[in-house]
Amino acid sequence: MESETLPSSSLDDSWTLAGRTLNSRLILGTGKYKDAAETKAALAASGTEIVTVALRRVDLSSKDNLLGWIDRDRYTLLPNTAGCYTADDAIRTLRLARELGIADIVKLEVIGDPETLFPDNEQTLVAAKQLIAEGFTVLPYCSDDPILCRKLEDLGCAAVMPLAAPIGSGQGIRNPRNLEIIVSRASIPVIVDAGVGTASDATKALEIGVDAVLMNTAVAAAKDPVLMAHAMREGVRSGRLAYRAGRMPVRAHANASSPTGGLIE
């Protein structure tokens, strides 16, 4: 569907995250691409306005590091604590981000297990509380647990970021019902983070009602990352439009499309 066939009210669908008004509901990571050129092309194709940067995986001693060539006028940097296994490690990493001048808004990620990469919920709560006390705007990666998400919101997090599936697995949304509960109870943005594999997964997430989707491997590990970035852009847009349109109810039995009364004998 071409955008010009939609009423203008359908095209105006911005959202707010930590005081920022955003048009794109796709947040993209910057890891695993083959080179800087591919990364830049994928970011542009995705239409994203926020990009994540794993601080512990950036060589700050290099003159050509990631922080140096990302267009800060075009993208908001979201430093993250990927690779941190304790609250203390995560806090120290984000204090470094603040010293680098990129800690306006941060993604908190505390991993509990190196094999599954599931988050350590207890350490995430500890770190979030301390970081918020220090004035950070915190977006925590977490399990798809409605109770945990409520606790993170009560602490003052700017959004919650429940996983769809394990990081980098591409399994898609494994527990849509939990996400529905989280969305229905949250008064802050809900961003699905981790596990998306293809555009239909992104569409499904937005159809559930989440505010945005964050991904990296689904794009970077595709055979054509730039084309997949564009596909994700369209998938997110389609899912959001479907959510706003309101899907038909699911029925246990068939329901004829045409009236059954007054049939010609």
# chains A, B, ... in the order shown; residues from 1 in each chain; ligands from 1
call {"tool": "residues_around", "arguments": {"residues": "Leu77 (chain A)", "least_positions_apart": "4", "cutoff": "6 Å", "atoms": "only C-alpha atoms", "output": "list in words"}}
result
Ile50, Val51 and Thr52 of chain A
call {"tool": "select_by_dssp", "arguments": {"residues": "region 22-257 of chain A", "states": "alpha helix (DSSP H)", "output": "ChimeraX atom specification"}}
result
/A:36-46,66-69,87-99,121-133,146-155,176-185,199-208,217-220,225-245
call {"tool": "closest_residue", "arguments": {"among": "A:Arg25, A:Tyr33, A:Ile102, A:Ala194", "to": "Lys223 (chain A)", "atoms": "only C-alpha atoms"}}
result
A:Tyr33
call {"tool": "closest_atom_pairs", "arguments": {"of": "region 25-110 of chain A", "to": "region 226-237 of chain A", "cutoff": "9 Å", "atoms": "only C-alpha atoms", "output": "JSON lines"}}
result
{"residue": "A:Arg25", "atom": "CA", "partner": "A:Val236", "partner_atom": "CA", "distance": 6.8}
{"residue": "A:Leu26", "atom": "CA", "partner": "A:Arg233", "partner_atom": "CA", "distance": 6.8}
{"residue": "A:Leu28", "atom": "CA", "partner": "A:Ala229", "partner_atom": "CA", "distance": 8.8}
{"residue": "A:Glu38", "atom": "CA", "partner": "A:Val226", "partner_atom": "CA", "distance": 7.2}
{"residue": "A:Thr39", "atom": "CA", "partner": "A:Val226", "partner_atom": "CA", "distance": 8.3}
{"residue": "A:Ala41", "atom": "CA", "partner": "A:Val226", "partner_atom": "CA", "distance": 6.1}
{"residue": "A:Ala42", "atom": "CA", "partner": "A:Val226", "partner_atom": "CA", "distance": 4.4}
{"residue": "A:Leu43", "atom": "CA", "partner": "A:Ala229", "partner_atom": "CA", "distance": 7.3}
{"residue": "A:Ala44", "atom": "CA", "partner": "A:Ala229", "partner_atom": "CA", "distance": 8.4}
{"residue": "A:Ala45", "atom": "CA", "partner": "A:His230", "partner_atom": "CA", "distance": 5.0}
{"residue": "A:Ser46", "atom": "CA", "partner": "A:Ala229", "partner_atom": "CA", "distance": 4.6}
{"residue": "A:Gly47", "atom": "CA", "partner": "A:Arg233", "partner_atom": "CA", "distance": 6.6}
{"residue": "A:Thr48", "atom": "CA", "partner": "A:Arg233", "partner_atom": "CA", "distance": 8.1}
call {"tool": "write_last_selection", "arguments": {"atoms": "C-alpha atoms", "output": "CSV table (one decimal), in the first residue's frame"}}
result
chain,number,residue,atom,x,y,z
A,25,ARG,CA,9.5,2.1,15.9
A,26,LEU,CA,12.6,0.1,15.0
A,28,LEU,CA,18.8,-1.3,15.5
A,38,GLU,CA,27.4,-2.4,5.5
A,39,THR,CA,26.4,-1.1,8.9
A,41,ALA,CA,23.7,1.1,4.7
A,42,ALA,CA,21.6,-1.1,7.0
A,43,LEU,CA,20.9,1.7,9.5
A,44,ALA,CA,19.8,3.9,6.6
A,45,ALA,CA,17.6,1.2,5.1
A,46,SER,CA,15.9,0.5,8.4
A,47,GLY,CA,14.8,4.1,9.0
A,48,THR,CA,15.8,3.8,12.6
call {"tool": "residues_around", "arguments": {"residues": "region 183-190 of chain A", "least_positions_apart": "4", "cutoff": "9 Å", "atoms": "only C-alpha atoms", "output": "list in words"}}
result
Trp15, Thr16, Leu17, Pro146, Cys149, Arg150, Glu153, Cys157, Ala158, Ala159, Val160, Met161, Pro162, Asn178, Leu179, Ile208, Gly209, Val210, Asp211, Ala212 and Val213 of chain A
call {"tool": "residues_around", "arguments": {"residues": "region 129-142 of chain A", "least_positions_apart": "6", "cutoff": "8 Å", "atoms": "only C-alpha atoms", "output": "ChimeraX atom specification"}}
result
/A:18,91,103-110,119-121,148-149,152,155-163,193
call {"tool": "write_last_selection", "arguments": {"atoms": "C-alpha atoms", "output": "PDB file, in the first residue's frame"}}
result
ATOM      1  CA  ALA A  18      12.193   9.455  27.511  1.00  0.00           C
ATOM      2  CA  ILE A  91      27.072   0.447  36.395  1.00  0.00           C
ATOM      3  CA  ALA A 103      24.877   8.445  28.441  1.00  0.00           C
ATOM      4  CA  ASP A 104      21.780  10.574  27.978  1.00  0.00           C
ATOM      5  CA  ILE A 105      19.747   7.403  27.584  1.00  0.00           C
ATOM      6  CA  VAL A 106      21.138   3.896  28.196  1.00  0.00           C
ATOM      7  CA  LYS A 107      20.249   0.250  27.706  1.00  0.00           C
ATOM      8  CA  LEU A 108      20.872  -1.835  30.796  1.00  0.00           C
ATOM      9  CA  GLU A 109      21.735  -5.459  30.125  1.00  0.00           C
ATOM     10  CA  VAL A 110      22.935  -7.789  32.891  1.00  0.00           C
ATOM     11  CA  PRO A 119      19.032 -11.685  31.827  1.00  0.00           C
ATOM     12  CA  ASP A 120      19.786 -11.793  35.532  1.00  0.00           C
ATOM     13  CA  ASN A 121      16.589 -10.216  36.803  1.00  0.00           C
ATOM     14  CA  LEU A 148       9.428  -7.890  36.844  1.00  0.00           C
ATOM     15  CA  CYS A 149       8.375  -5.282  34.284  1.00  0.00           C
ATOM     16  CA  LEU A 152      11.240  -1.905  36.812  1.00  0.00           C
ATOM     17  CA  LEU A 155      11.779   2.045  40.033  1.00  0.00           C
ATOM     18  CA  GLY A 156      11.526   4.773  37.407  1.00  0.00           C
ATOM     19  CA  CYS A 157      12.777   3.107  34.218  1.00  0.00           C
ATOM     20  CA  ALA A 158      11.869   5.009  31.054  1.00  0.00           C
ATOM     21  CA  ALA A 159      10.763   1.810  29.285  1.00  0.00           C
ATOM     22  CA  VAL A 160      10.875  -1.945  29.703  1.00  0.00           C
ATOM     23  CA  MET A 161      12.481  -4.213  27.128  1.00  0.00           C
ATOM     24  CA  PRO A 162      11.255  -7.810  27.510  1.00  0.00           C
ATOM     25  CA  LEU A 163      12.812 -10.464  25.301  1.00  0.00           C
ATOM     26  CA  ASP A 193      14.314  -6.780  22.622  1.00  0.00           C
TER      27      ASP A 193
END
call {"tool": "residues_around", "arguments": {"residues": "Leu55 (chain A)", "least_positions_apart": "4", "cutoff": "12 Å", "atoms": "only C-alpha atoms", "output": "ChimeraX atom specification"}}
result
/A:29-31,59-60,65-67,77-84,89-90,92-98,100,102-103,106-109
call {"tool": "select_by_dssp", "arguments": {"residues": "region 195-234 of chain A", "states": "strand (DSSP E)", "output": "list in words"}}
result
Ala212, Val213, Leu214 and Met215 of chain A
call {"tool": "write_last_selection", "arguments": {"atoms": "N, CA and C atoms", "output": "PDB file, in the first residue's frame"}}
result
ATOM      1  N   ALA A 212       7.760  -0.597  20.229  1.00  0.00           N
ATOM      2  CA  ALA A 212       8.871  -0.677  19.296  1.00  0.00           C
ATOM      3  C   ALA A 212       9.552  -2.030  19.428  1.00  0.00           C
ATOM      4  N   VAL A 213      10.463  -2.304  18.499  1.00  0.00           N
ATOM      5  CA  VAL A 213      11.250  -3.535  18.502  1.00  0.00           C
ATOM      6  C   VAL A 213      12.720  -3.169  18.353  1.00  0.00           C
ATOM      7  N   LEU A 214      13.572  -3.822  19.153  1.00  0.00           N
ATOM      8  CA  LEU A 214      15.016  -3.651  19.038  1.00  0.00           C
ATOM      9  C   LEU A 214      15.614  -4.955  18.539  1.00  0.00           C
ATOM     10  N   MET A 215      16.484  -4.860  17.556  1.00  0.00           N
ATOM     11  CA  MET A 215      17.101  -6.071  17.009  1.00  0.00           C
ATOM     12  C   MET A 215      18.488  -5.768  16.477  1.00  0.00           C
TER      13      MET A 215
END
call {"tool": "atom_distance", "arguments": {"atom1": "CA of Gly239 (chain A)", "atom2": "CA of Glu207 (chain A)"}}
result
4.7 Å
